$ cat work39.cif   # mmCIF, C-alpha atoms
data_start
loop_
_atom_site.label_atom_id
_atom_site.label_comp_id
_atom_site.auth_asym_id
_atom_site.auth_seq_id
_atom_site.Cartn_x
_atom_site.Cartn_y
_atom_site.Cartn_z
CA MET A 1 145.12 42.48 140.47
CA SER A 2 144.29 39.24 138.73
CA ASP A 3 141.34 37.01 137.99
CA GLU A 4 143.61 34.08 137.07
CA LEU A 5 142.32 31.85 139.87
CA ASP A 6 138.66 32.40 139.07
CA PRO A 7 138.30 33.84 135.55
CA ASP A 8 134.68 32.72 135.18
CA ASP A 9 133.55 33.14 138.76
CA HIS A 10 130.81 35.68 139.38
CA LEU A 11 130.99 37.37 142.78
CA ALA A 12 128.16 38.30 145.16
CA THR A 13 125.40 36.69 143.10
CA ILE A 14 121.77 37.57 143.78
CA GLU A 15 118.72 35.87 142.29
CA THR A 16 115.29 37.43 141.95
CA ALA A 17 112.18 36.17 140.15
CA ARG A 18 113.38 37.40 136.74
CA LEU A 19 116.98 38.49 137.25
CA TRP A 20 120.42 37.19 138.05
CA LEU A 21 122.84 39.78 139.45
CA SER A 22 126.59 39.38 139.77
CA VAL A 23 129.87 41.24 139.93
CA PRO A 24 131.18 39.69 136.71
CA PRO A 25 134.72 38.57 135.88
CA ALA A 26 136.88 40.44 133.40
CA SER A 27 135.99 37.80 130.80
CA GLN A 28 132.56 39.50 130.56
CA ALA A 29 134.04 42.83 129.43
CA ALA A 30 132.64 42.61 125.87
CA ARG A 31 129.07 42.25 127.17
CA VAL A 32 129.49 45.17 129.56
CA LEU A 33 130.96 47.29 126.75
CA VAL A 34 127.89 46.55 124.58
CA PHE A 35 125.57 47.69 127.41
CA ASP A 36 127.66 50.83 127.93
CA GLN A 37 127.74 51.79 124.26
CA ARG A 38 124.04 51.04 123.73
CA ASN A 39 122.99 53.15 126.70
CA ARG A 40 125.53 55.97 126.78
CA GLU A 41 123.15 58.58 125.34
CA HIS A 42 120.15 57.19 127.23
CA LEU A 43 121.97 57.44 130.59
CA ALA A 44 123.92 60.64 129.84
CA PRO A 45 121.53 63.01 131.71
CA TRP A 46 122.19 61.10 134.96
CA ALA A 47 125.82 60.01 134.45
CA PRO A 48 128.83 61.51 136.23
CA PRO A 49 131.94 62.42 134.22
CA ARG A 50 134.24 59.50 133.54
CA PRO A 51 137.80 59.61 134.81
CA ALA A 52 139.00 57.55 131.85
CA PRO A 53 137.45 56.46 128.57
CA LEU A 54 135.72 53.08 128.63
CA ASP A 55 135.49 52.55 124.88
CA THR A 56 137.33 49.25 124.51
CA ILE A 57 137.12 45.71 125.81
CA ALA A 58 140.57 46.17 127.38
CA ALA A 59 139.39 49.25 129.30
CA TRP A 60 136.34 47.37 130.58
CA ARG A 61 138.48 44.37 131.54
CA GLU A 62 140.53 46.68 133.76
CA ARG A 63 137.42 48.31 135.20
CA LEU A 64 135.85 44.92 135.99
CA LEU A 65 139.04 43.84 137.75
CA VAL A 66 138.84 46.96 139.93
CA ASP A 67 135.11 46.38 140.58
CA ARG A 68 135.84 42.80 141.65
CA GLN A 69 138.62 43.85 144.01
CA LYS A 70 136.31 46.38 145.66
CA ALA A 71 133.70 43.64 146.10
CA ARG A 72 136.30 41.31 147.63
CA ASP A 73 137.37 44.13 149.96
CA GLY A 74 133.74 44.85 150.86
CA THR A 75 134.01 48.54 149.96
CA ALA A 76 131.70 48.59 146.89
CA PHE A 77 129.60 46.21 144.79
CA LEU A 78 128.69 46.84 141.16
CA TRP A 79 126.21 44.22 140.02
CA ARG A 80 125.29 43.64 136.36
CA LEU A 81 121.74 42.48 135.73
CA ARG A 82 120.92 39.62 133.36
CA ALA A 83 117.79 37.62 132.69
CA MET A 84 117.50 34.70 135.11
CA ASN A 85 117.06 32.30 132.19
CA ASP A 86 120.01 33.77 130.22
CA ARG A 87 122.91 34.25 132.63
CA ASP A 88 125.40 34.52 129.77
CA GLY A 89 123.22 36.91 127.80
CA ALA A 90 123.01 40.65 127.46
CA VAL A 91 123.52 42.98 130.40
CA LEU A 92 120.13 44.56 131.18
CA GLY A 93 121.26 47.10 133.76
CA THR A 94 123.34 47.78 136.84
CA VAL A 95 122.83 48.25 140.56
CA SER A 96 125.66 49.45 142.76
CA ILE A 97 126.33 49.93 146.44
CA THR A 98 129.32 52.23 146.87
CA ARG A 99 130.86 54.31 149.65
CA ILE A 100 130.29 51.49 152.13
CA GLU A 101 131.12 52.67 155.63
CA ARG A 102 131.52 50.47 158.68
CA GLY A 103 131.55 51.59 162.29
CA PRO A 104 128.80 53.81 163.66
CA LEU A 105 127.10 54.40 160.27
CA GLU A 106 127.04 50.93 158.66
CA ARG A 107 125.77 52.40 155.40
CA GLY A 108 126.22 52.41 151.64
CA SER A 109 125.08 54.48 148.65
CA LEU A 110 122.80 53.09 145.95
CA GLY A 111 123.03 53.64 142.20
CA ALA A 112 121.12 51.95 139.38
CA SER A 113 120.54 52.01 135.64
CA VAL A 114 118.56 50.00 133.12
CA ASP A 115 118.86 49.33 129.40
CA LEU A 116 116.80 51.73 127.29
CA ASP A 117 114.68 48.87 125.87
CA HIS A 118 113.90 47.50 129.33
CA GLN A 119 112.55 50.65 131.01
CA GLY A 120 109.13 50.49 132.59
CA HIS A 121 109.14 46.73 133.29
CA GLY A 122 110.03 46.95 136.99
CA LEU A 123 113.48 45.38 136.55
CA VAL A 124 115.34 48.06 138.50
CA GLN A 125 112.85 47.86 141.36
CA GLU A 126 113.15 44.06 141.43
CA ALA A 127 116.95 44.22 141.33
CA ILE A 128 117.18 46.86 144.06
CA ASP A 129 114.81 44.83 146.24
CA GLY A 130 117.21 41.86 145.97
CA VAL A 131 120.21 44.10 146.66
CA LEU A 132 118.52 45.54 149.77
CA ASP A 133 118.10 41.99 151.14
CA TYR A 134 121.77 41.29 150.38
CA CYS A 135 122.82 44.51 152.14
CA ALA A 136 120.70 43.71 155.20
CA ASN A 137 121.57 40.04 155.59
CA THR A 138 124.95 39.46 153.97
CA LEU A 139 126.69 42.81 154.29
CA ARG A 140 124.82 43.57 157.55
CA LEU A 141 124.49 47.27 156.75
CA ARG A 142 122.00 49.44 158.62
CA PHE A 143 121.13 52.11 156.03
CA ILE A 144 121.26 52.58 152.29
CA GLU A 145 121.28 56.11 150.95
CA ALA A 146 120.18 57.18 147.50
CA GLY A 147 119.64 60.38 145.60
CA HIS A 148 118.00 61.55 142.43
CA ALA A 149 117.82 64.76 140.46
CA PRO A 150 114.40 66.36 141.07
CA GLN A 151 113.46 65.96 137.40
CA ASN A 152 114.30 62.23 137.38
CA LEU A 153 110.75 61.10 138.05
CA ARG A 154 111.38 57.43 137.23
CA SER A 155 114.04 57.14 139.92
CA ALA A 156 111.93 59.10 142.38
CA SER A 157 108.98 56.77 141.86
CA THR A 158 111.06 53.58 142.09
CA LEU A 159 112.80 54.64 145.30
CA ARG A 160 109.58 55.68 147.00
CA ARG A 161 107.81 52.44 145.99
CA LEU A 162 110.66 50.52 147.61
CA GLY A 163 110.24 52.49 150.85
CA PHE A 164 113.08 55.00 150.65
CA VAL A 165 112.31 58.09 152.75
CA PRO A 166 113.45 61.60 151.74
CA TYR A 167 115.64 63.28 154.35
CA GLY A 168 117.16 66.24 152.54
CA TYR A 169 117.69 68.35 149.48
CA ALA A 170 121.21 69.19 148.33
CA ARG A 171 121.92 72.07 145.97
CA ASP A 172 124.62 71.54 143.32
CA TYR A 173 125.18 68.10 144.87
CA LEU A 174 126.57 66.02 142.01
CA HIS A 175 128.20 66.66 138.68
CA VAL A 176 125.96 64.64 136.34
CA GLY A 177 124.72 65.20 132.83
CA GLY A 178 127.54 67.67 132.22
CA ARG A 179 126.72 70.04 135.09
CA LEU A 180 126.22 70.32 138.83
CA GLN A 181 122.68 69.28 139.72
CA ASP A 182 120.52 69.45 142.83
CA HIS A 183 119.52 66.10 144.35
CA VAL A 184 116.77 64.82 146.60
CA LEU A 185 118.43 62.66 149.27
CA LEU A 186 116.72 59.51 150.57
CA GLN A 187 117.52 56.66 152.90
CA TYR A 188 116.29 53.16 153.59
CA ASP A 189 116.51 51.50 157.01
CA LEU A 190 117.57 47.88 156.41
CA ARG A 191 116.95 46.61 159.93
CA ALA A 192 113.39 45.44 159.19
CA ARG A 193 114.76 43.14 156.44
CA ARG A 194 117.18 41.29 158.69
CA ARG A 195 116.66 37.57 159.19
#
$ encode --input "work39.cif" --output "structure tokens"
Amino acid sequence: MSDELDPDDHLATIETARLWLSVPPASQAARVLVFDQRNREHLAPWAPPRPAPLDTIAAWRERLLVDRQKARDGTAFLWRLRAMNDRDGAVLGTVSITRIERGPLERGSLGASVDLDHQGHGLVQEAIDGVLDYCANTLRLRFIEAGHAPQNLRSASTLRRLGFVPYGYARDYLHVGGRLQDHVLLQYDLRARRR
């Protein structure tokens, strides 16, 4: 896997009023590492266990190469958020669509995070709104699924404001924050967003 042909090319870019989202090249590993280190404790209650340590630029370079290949294959997209007016600046958060399934389901799973100093400014909601348009009109998916731990009130509020509808409750659903946790399951029908 190599980024030699396009080392500075950002994949699957999305623009919103305040944000620029992309699947960044491996050359952005240092900026992603800074976001990860800054927010590790902040995001720990909602984070799954890591299969391998991501404590170095080299480790993040490898991870970004994998992320980019998944985006090229259309199986997952992991966008990094940056300020629209500072596209080379700090990473402000992430939005991901993973577990993309084609065929009868045409669905993907949503994940998101935001930098601890940028909570409460609506950035995640704005970013997800842009990603939902991308999923409806570029990826041509039909549904996006999401979940949140019942005590994660910020995520619950954001998802409901965007129009996600609860459809289930799963006990011991995901291993996050160091233990198995229940999750509220939601979905969003993308068909109304199609152009």
$ resolve_selection --input "work39.cif" --expression "the PyMOL selection byres ((chain A and resi 74) around 12)" --output "list of chain:residue names"
A:Leu11, A:Ala12, A:Asp67, A:Arg68, A:Gln69, A:Lys70, A:Ala71, A:Arg72, A:Asp73, A:Thr75, A:Ala76, A:Phe77, A:Leu78, A:Ile97, A:Thr98, A:Arg99, A:Ile100, A:Glu101, A:Arg102, A:Glu106, A:Arg107, A:Gly108, A:Cys135, A:Thr138, A:Leu139, A:Arg140, A:Leu141
$ atom_distance --input "work39.cif" --atom1 "CA of Arg87 in chain A" --atom2 "CA of Phe35 in chain A"
14.7 Å
$ atom_distance --input "work39.cif" --atom1 "CA of Gly120 in chain A" --atom2 "CA of Thr13 in chain A"
23.8 Å
$ resolve_selection --input "work39.cif" --expression "the PyMOL selection byres ((chain A and resi 132) around 10)" --output "PyMOL selection string"
chain A and resi 97+110+127-131+133-139+141+143-144+162+188-190+193-194
$ closest_residue --input "work39.cif" --among "A:Arg40, A:Arg195, A:Arg18, A:Arg161" --to "Asp115 in chain A" --atoms "all atoms listed in the file"
A:Arg40
$ atom_distance --input "work39.cif" --atom1 "CA of Arg61 in chain A" --atom2 "CA of His148 in chain A"
28.9 Å
$ closest_residue --input "work39.cif" --among "A:Met84, A:Val95, A:Ala44, A:Leu54" --to "Val23 in chain A" --atoms "all atoms listed in the file"
A:Val95
$ closest_atom_pairs --input "work39.cif" --of "range 25-120 of chain A" --to "range 171-187 of chain A" --cutoff "7 Å" --atoms "only C-alpha atoms" --output "CSV"
residue,atom,partner,partner_atom,distance
A:Ala44,CA,A:Gly177,CA,5.5
A:Pro45,CA,A:Gly177,CA,4.0
A:Trp46,CA,A:Gly177,CA,5.3
A:Ala47,CA,A:Val176,CA,5.0
A:Pro48,CA,A:Val176,CA,4.2
A:Pro49,CA,A:Val176,CA,6.7
$ resolve_selection --input "work39.cif" --expression "the PyMOL selection byres ((chain A and resi 29) around 6)" --output "list of chain:residue names"
A:Ala26, A:Ser27, A:Gln28, A:Ala30, A:Arg31, A:Val32, A:Ile57, A:Trp60, A:Arg61
$ write_last_selection --input "work39.cif" --atoms "C-alpha atoms" --output "mmCIF file, in the coordinates of the input"
data_model
loop_
_atom_site.group_PDB
_atom_site.id
_atom_site.type_symbol
_atom_site.label_atom_id
_atom_site.label_comp_id
_atom_site.auth_asym_id
_atom_site.auth_seq_id
_atom_site.Cartn_x
_atom_site.Cartn_y
_atom_site.Cartn_z
ATOM 1 C CA ALA A 26 136.880 40.440 133.400
ATOM 2 C CA SER A 27 135.990 37.800 130.800
ATOM 3 C CA GLN A 28 132.560 39.500 130.560
ATOM 4 C CA ALA A 30 132.640 42.610 125.870
ATOM 5 C CA ARG A 31 129.070 42.250 127.170
ATOM 6 C CA VAL A 32 129.490 45.170 129.560
ATOM 7 C CA ILE A 57 137.120 45.710 125.810
ATOM 8 C CA TRP A 60 136.340 47.370 130.580
ATOM 9 C CA ARG A 61 138.480 44.370 131.540
#
$ closest_residue --input "work39.cif" --among "A:Leu116, A:Glu126, A:Ala59, A:Gly111" --to "Glu41 in chain A" --atoms "all atoms listed in the file"
A:Leu116
$ closest_residue --input "work39.cif" --among "A:Pro51, A:Gly103, A:Gly93, A:Pro150" --to "Val124 in chain A" --atoms "only C-alpha atoms"
A:Gly93
